[in-house]
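Undergrad: Structure incoming, see below.
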Amino acid sequence: MHNDQYDDLLIRVEDDLTERHLNPVIIDNVDLYKNSSLEGVTFIKDGRVFIFIERSLDTFNKATTLVEEYFHAISDFGDHLDYSGQTAQNDEINAREDVIGYMTSEQEILRVARRFDDQPFAAWMLAEYFGYPQDFAEETITYYQRKGIIK
């Protein structure tokens, strides 16, 4: 992922939070990990959404962390202290799918598919087009195949 793509995503998250009548404060250069082992933290106070992101993350991981924290800000995930078994696993799957869907819309998937319409859809296409790492590109394809958007 390129820095300009990250900047566009950052603006989009800020705009989406503002549309929800929340005042975003996003800081992506915080030393979180050494003190907390966390890559991102979100909290809401007095109508302001504070999102802090670990400074040492590469651009792509900052982007996925930003989107995940955005969803923490707008969603009620229930009791986060209960990380037992199936509930925790389902929360993680849902969170990952939310990140995939937010970072790569159906329209963008279809645009890439049309660009390479003479070939079977493959992860390298998303890696080339969006700068995604191979594993995230594969997850994105699996997600949109399950939804029936691509074959």
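Letters A, B, ... mark the chains of the structure tokens in the order given; residue numbers begin at 1 per chain; ligand numbers begin at 1, in order shown.
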Excluding Glu97 in chain A and any residue of its chain fewer than 5 positions from it, enumerate the residues within 9 Å of it, using only C-alpha atoms, and give them as a ChimeraX atom specification.
TA: /A:92,102,139-140,143
Undergrad: Take the selection from the previous step and output its residues with N, CA, C and O atoms, as a PDB file, in the first residue's frame.
TA:
```pdb
ATOM      1  N   GLU A  92     -13.405 -11.913  15.896  1.00  0.00           N
ATOM      2  CA  GLU A  92     -12.214 -11.705  15.077  1.00  0.00           C
ATOM      3  C   GLU A  92     -12.521 -11.893  13.591  1.00  0.00           C
ATOM      4  O   GLU A  92     -12.052 -11.134  12.752  1.00  0.00           O
ATOM      5  N   TYR A 102     -14.251  -2.721   3.977  1.00  0.00           N
ATOM      6  CA  TYR A 102     -14.038  -1.272   4.032  1.00  0.00           C
ATOM      7  C   TYR A 102     -12.861  -0.855   3.155  1.00  0.00           C
ATOM      8  O   TYR A 102     -12.916   0.161   2.475  1.00  0.00           O
ATOM      9  N   GLU A 139      -7.142 -13.320   1.270  1.00  0.00           N
ATOM     10  CA  GLU A 139      -8.320 -13.205   2.134  1.00  0.00           C
ATOM     11  C   GLU A 139      -9.411 -12.382   1.464  1.00  0.00           C
ATOM     12  O   GLU A 139     -10.599 -12.694   1.585  1.00  0.00           O
ATOM     13  N   THR A 140      -9.005 -11.322   0.774  1.00  0.00           N
ATOM     14  CA  THR A 140      -9.962 -10.457   0.089  1.00  0.00           C
ATOM     15  C   THR A 140     -10.671 -11.227  -1.021  1.00  0.00           C
ATOM     16  O   THR A 140     -11.899 -11.137  -1.164  1.00  0.00           O
ATOM     17  N   TYR A 143     -13.127 -13.691   0.548  1.00  0.00           N
ATOM     18  CA  TYR A 143     -14.290 -12.963   1.049  1.00  0.00           C
ATOM     19  C   TYR A 143     -15.267 -12.636  -0.085  1.00  0.00           C
ATOM     20  O   TYR A 143     -16.471 -12.884   0.029  1.00  0.00           O
TER      21      TYR A 143
END
```
Undergrad: Write out as a PyMOL selection string all residues of range 50-150 of chain A that backbone DSSP assigns to helix (DSSP H, G or I).
TA: chain A and resi 59-74+85-103+106-115+123-130+134-146
Undergrad: Neighbours of range 50-59 of chain A within 6 Å (only C-alpha atoms; same-chain residues fewer than 2 positions away dropped), as a list in words?
TA: Val25, Ile26, Ile27, Asp28, Asn29, Val30, Asp31, Leu32, Glu39, Gly40, Val41, Thr42, Phe43, Asn61 and Lys62 of chain A
Undergrad: Please save C-alpha atoms of the selected residues as a PDB file, in the first residue's frame.
TA:
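What follows is the written file selection16.pdb:
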```
ATOM      1  CA  VAL A  25      -8.712  12.550  16.704  1.00  0.00           C
ATOM      2  CA  ILE A  26      -6.387  10.094  14.960  1.00  0.00           C
ATOM      3  CA  ILE A  27      -2.745   9.854  15.910  1.00  0.00           C
ATOM      4  CA  ASP A  28      -0.709   7.266  14.044  1.00  0.00           C
ATOM      5  CA  ASN A  29       2.726   7.829  15.527  1.00  0.00           C
ATOM      6  CA  VAL A  30       2.340   6.639  19.119  1.00  0.00           C
ATOM      7  CA  ASP A  31       4.622   4.166  20.918  1.00  0.00           C
ATOM      8  CA  LEU A  32       1.825   1.807  21.942  1.00  0.00           C
ATOM      9  CA  GLU A  39      -1.116  -1.953  17.665  1.00  0.00           C
ATOM     10  CA  GLY A  40      -4.152   0.281  18.017  1.00  0.00           C
ATOM     11  CA  VAL A  41      -6.439   1.703  20.687  1.00  0.00           C
ATOM     12  CA  THR A  42      -9.779   3.479  20.442  1.00  0.00           C
ATOM     13  CA  PHE A  43     -11.821   5.290  23.033  1.00  0.00           C
ATOM     14  CA  ASN A  61      -0.576  -2.523   8.832  1.00  0.00           C
ATOM     15  CA  LYS A  62      -1.312   1.049   9.914  1.00  0.00           C
TER      16      LYS A  62
END
```
Undergrad: Quick one, how far is CA of Asp7 in chain A from CA of Glu68 in chain A?
TA: 15.9 Å
Undergrad: Write down as a PyMOL selection string the residues belonging to range 31-147 of chain A that are assigned strand (DSSP E or B) by DSSP computed on the backbone.
TA: chain A and resi 40-45+48-54
Undergrad: Next, dump the selected residues to file, keeping only N, CA, C and O atoms, as a PDB file, in the first residue's frame.
TA:
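Dumped to again-v8.pdb:
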```
ATOM      1  N   GLY A  40      -3.205  -0.818  18.108  1.00  0.00           N
ATOM      2  CA  GLY A  40      -4.152   0.281  18.017  1.00  0.00           C
ATOM      3  C   GLY A  40      -5.061   0.316  19.221  1.00  0.00           C
ATOM      4  O   GLY A  40      -5.327  -0.714  19.838  1.00  0.00           O
ATOM      5  N   VAL A  41      -5.535   1.507  19.557  1.00  0.00           N
ATOM      6  CA  VAL A  41      -6.439   1.703  20.687  1.00  0.00           C
ATOM      7  C   VAL A  41      -7.467   2.754  20.283  1.00  0.00           C
ATOM      8  O   VAL A  41      -7.125   3.741  19.636  1.00  0.00           O
ATOM      9  N   THR A  42      -8.705   2.522  20.695  1.00  0.00           N
ATOM     10  CA  THR A  42      -9.779   3.479  20.442  1.00  0.00           C
ATOM     11  C   THR A  42     -10.536   3.744  21.731  1.00  0.00           C
ATOM     12  O   THR A  42     -10.796   2.816  22.491  1.00  0.00           O
ATOM     13  N   PHE A  43     -10.873   4.984  21.969  1.00  0.00           N
ATOM     14  CA  PHE A  43     -11.821   5.290  23.033  1.00  0.00           C
ATOM     15  C   PHE A  43     -12.602   6.532  22.639  1.00  0.00           C
ATOM     16  O   PHE A  43     -12.162   7.350  21.835  1.00  0.00           O
ATOM     17  N   ILE A  44     -13.792   6.628  23.207  1.00  0.00           N
ATOM     18  CA  ILE A  44     -14.693   7.733  22.899  1.00  0.00           C
ATOM     19  C   ILE A  44     -14.956   8.499  24.192  1.00  0.00           C
ATOM     20  O   ILE A  44     -15.259   7.900  25.223  1.00  0.00           O
ATOM     21  N   LYS A  45     -14.831   9.820  24.102  1.00  0.00           N
ATOM     22  CA  LYS A  45     -15.099  10.669  25.262  1.00  0.00           C
ATOM     23  C   LYS A  45     -15.670  11.990  24.768  1.00  0.00           C
ATOM     24  O   LYS A  45     -15.097  12.635  23.902  1.00  0.00           O
ATOM     25  N   ARG A  48     -15.935  12.710  21.091  1.00  0.00           N
ATOM     26  CA  ARG A  48     -14.675  12.638  20.336  1.00  0.00           C
ATOM     27  C   ARG A  48     -14.206  11.192  20.297  1.00  0.00           C
ATOM     28  O   ARG A  48     -14.275  10.488  21.305  1.00  0.00           O
ATOM     29  N   VAL A  49     -13.757  10.765  19.136  1.00  0.00           N
ATOM     30  CA  VAL A  49     -13.207   9.425  18.974  1.00  0.00           C
ATOM     31  C   VAL A  49     -11.699   9.563  18.879  1.00  0.00           C
ATOM     32  O   VAL A  49     -11.186  10.204  17.962  1.00  0.00           O
ATOM     33  N   PHE A  50     -11.019   8.966  19.832  1.00  0.00           N
ATOM     34  CA  PHE A  50      -9.567   8.968  19.837  1.00  0.00           C
ATOM     35  C   PHE A  50      -9.085   7.623  19.312  1.00  0.00           C
ATOM     36  O   PHE A  50      -9.451   6.586  19.859  1.00  0.00           O
ATOM     37  N   ILE A  51      -8.301   7.667  18.252  1.00  0.00           N
ATOM     38  CA  ILE A  51      -7.700   6.453  17.699  1.00  0.00           C
ATOM     39  C   ILE A  51      -6.194   6.665  17.719  1.00  0.00           C
ATOM     40  O   ILE A  51      -5.688   7.623  17.129  1.00  0.00           O
ATOM     41  N   PHE A  52      -5.520   5.758  18.404  1.00  0.00           N
ATOM     42  CA  PHE A  52      -4.061   5.793  18.471  1.00  0.00           C
ATOM     43  C   PHE A  52      -3.514   4.548  17.775  1.00  0.00           C
ATOM     44  O   PHE A  52      -4.007   3.444  18.014  1.00  0.00           O
ATOM     45  N   ILE A  53      -2.496   4.745  16.939  1.00  0.00           N
ATOM     46  CA  ILE A  53      -1.913   3.648  16.166  1.00  0.00           C
ATOM     47  C   ILE A  53      -0.406   3.625  16.395  1.00  0.00           C
ATOM     48  O   ILE A  53       0.252   4.672  16.388  1.00  0.00           O
ATOM     49  N   GLU A  54       0.111   2.425  16.546  1.00  0.00           N
ATOM     50  CA  GLU A  54       1.539   2.198  16.773  1.00  0.00           C
ATOM     51  C   GLU A  54       2.364   2.783  15.638  1.00  0.00           C
ATOM     52  O   GLU A  54       2.116   2.515  14.460  1.00  0.00           O
TER      53      GLU A  54
END
```
Undergrad: Might you pull out every residue within 12 Å of Asp135 in chain A, with only C-alpha atoms counted and same-chain residues fewer than 5 positions away left off, and present them as a compact mmCIF listing (two decimals) with N, CA, C and O atoms, in the first residue's frame?
TA:
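Result went into out26.txt, see below:
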```
# COMPACT_ATOMS: atom_id res chain seq x y z
N ILE A 100 -11.73 -5.93 5.48
CA ILE A 100 -11.61 -6.25 4.06
C ILE A 100 -12.65 -5.46 3.25
O ILE A 100 -12.32 -4.84 2.24
N ALA A 122 -6.92 -13.41 -9.42
CA ALA A 122 -5.86 -13.94 -8.56
C ALA A 122 -5.35 -12.87 -7.60
O ALA A 122 -5.48 -11.67 -7.85
N ALA A 123 -4.74 -13.34 -6.52
CA ALA A 123 -4.24 -12.44 -5.47
C ALA A 123 -3.21 -11.45 -6.00
O ALA A 123 -3.16 -10.31 -5.55
N TRP A 124 -2.39 -11.86 -6.95
CA TRP A 124 -1.36 -10.95 -7.46
C TRP A 124 -1.97 -9.68 -8.06
O TRP A 124 -1.34 -8.63 -8.05
N LEU A 126 -4.57 -8.00 -6.90
CA LEU A 126 -4.81 -7.06 -5.81
C LEU A 126 -3.49 -6.55 -5.24
O LEU A 126 -3.40 -5.38 -4.85
N ALA A 127 -2.51 -7.40 -5.22
CA ALA A 127 -1.19 -6.98 -4.76
C ALA A 127 -0.64 -5.90 -5.69
O ALA A 127 -0.09 -4.89 -5.24
N THR A 140 -9.01 -11.32 0.77
CA THR A 140 -9.96 -10.46 0.09
C THR A 140 -10.67 -11.23 -1.02
O THR A 140 -11.90 -11.14 -1.16
N ILE A 141 -9.93 -11.99 -1.77
CA ILE A 141 -10.53 -12.80 -2.84
C ILE A 141 -11.50 -13.82 -2.25
O ILE A 141 -12.63 -13.96 -2.73
N THR A 142 -11.09 -14.51 -1.20
CA THR A 142 -11.97 -15.50 -0.56
C THR A 142 -13.25 -14.86 -0.06
O THR A 142 -14.35 -15.39 -0.25
```
Undergrad: Here is a test: counting only C-alpha atoms, which residue of A:Val112, A:Val67, A:Asp46, A:Ser37 is nearest to His21 in chain A?
TA: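 Distance minimum relative to His21 in chain A lands on A:Asp46.
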Undergrad: Which residue is closest to Glu19 in chain A? Choose from A:Ile74, A:Phe130, A:Ser36, A:Gln145 and count only C-alpha atoms.
TA: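 With only C-alpha atoms as the atom set, the closest residue is A:Ile74.
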Undergrad: How many Å lie between CA of Asp117 in chain A and CA of Ala63 in chain A, rounded to one decimal?
TA: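 We find that CA of Asp117 in chain A and CA of Ala63 in chain A lie 28.1 Å from each other.
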Undergrad: Rounded to one decimal, what separation in Å do you get between CA of Phe136 in chain A and CA of His72 in chain A?
TA: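 Between CA of Phe136 in chain A and CA of His72 in chain A the gap works out to 20.1 Å.
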Undergrad: Determine the nearest neighbour of Glu69 in chain A from the options A:Leu110, A:Arg96, A:Gly131, A:Thr104, counting only C-alpha atoms.
TA: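 Nearest to Glu69 in chain A: A:Arg96.
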Undergrad: Leaving out Glu106 in chain A and any residue of its chain fewer than 3 positions from it, which residues lie within 9 Å of it when counting only C-alpha atoms, given as a PyMOL selection string?
TA: chain A and resi 101+109-111+144+149
Undergrad: May I have the residues from that selection written out with N, CA, C and O atoms, as a JSON list (two decimals), in the first residue's frame?
TA:
```json
[["chain", "number", "residue", "atom", "x", "y", "z"],
["A", 101, "GLY", "N", -13.90, -5.49, 3.68],
["A", 101, "GLY", "CA", -14.96, -4.80, 2.96],
["A", 101, "GLY", "C", -14.77, -3.29, 2.92],
["A", 101, "GLY", "O", -15.10, -2.65, 1.91],
["A", 109, "ILE", "N", -13.28, -4.18, -6.51],
["A", 109, "ILE", "CA", -13.01, -5.57, -6.93],
["A", 109, "ILE", "C", -13.45, -5.76, -8.37],
["A", 109, "ILE", "O", -12.72, -6.34, -9.19],
["A", 110, "LEU", "N", -14.62, -5.27, -8.71],
["A", 110, "LEU", "CA", -15.12, -5.42, -10.08],
["A", 110, "LEU", "C", -14.26, -4.64, -11.07],
["A", 110, "LEU", "O", -14.02, -5.10, -12.19],
["A", 111, "ARG", "N", -13.76, -3.48, -10.67],
["A", 111, "ARG", "CA", -12.88, -2.70, -11.53],
["A", 111, "ARG", "C", -11.58, -3.47, -11.83],
["A", 111, "ARG", "O", -11.13, -3.52, -12.96],
["A", 144, "TYR", "N", -14.76, -12.09, -1.19],
["A", 144, "TYR", "CA", -15.65, -11.71, -2.28],
["A", 144, "TYR", "C", -16.12, -12.90, -3.10],
["A", 144, "TYR", "O", -17.18, -12.84, -3.73],
["A", 149, "ILE", "N", -19.34, -12.21, -5.58],
["A", 149, "ILE", "CA", -18.98, -11.05, -6.41],
["A", 149, "ILE", "C", -17.99, -11.46, -7.50],
["A", 149, "ILE", "O", -18.07, -10.97, -8.62]]
```
Undergrad: Between A:Ala137, A:Met1, A:Asp8, A:Leu22, which has the minimum distance to Phe121 in chain A (counting only C-alpha atoms)?
TA: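 Of all the options, A:Ala137 lies closest to Phe121 in chain A.
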Undergrad: Looking at A:Leu66, A:Leu38, A:Met125, A:Val99, which one is nearest to Leu10 in chain A, with distances taken over only C-alpha atoms?
TA: A:Leu66
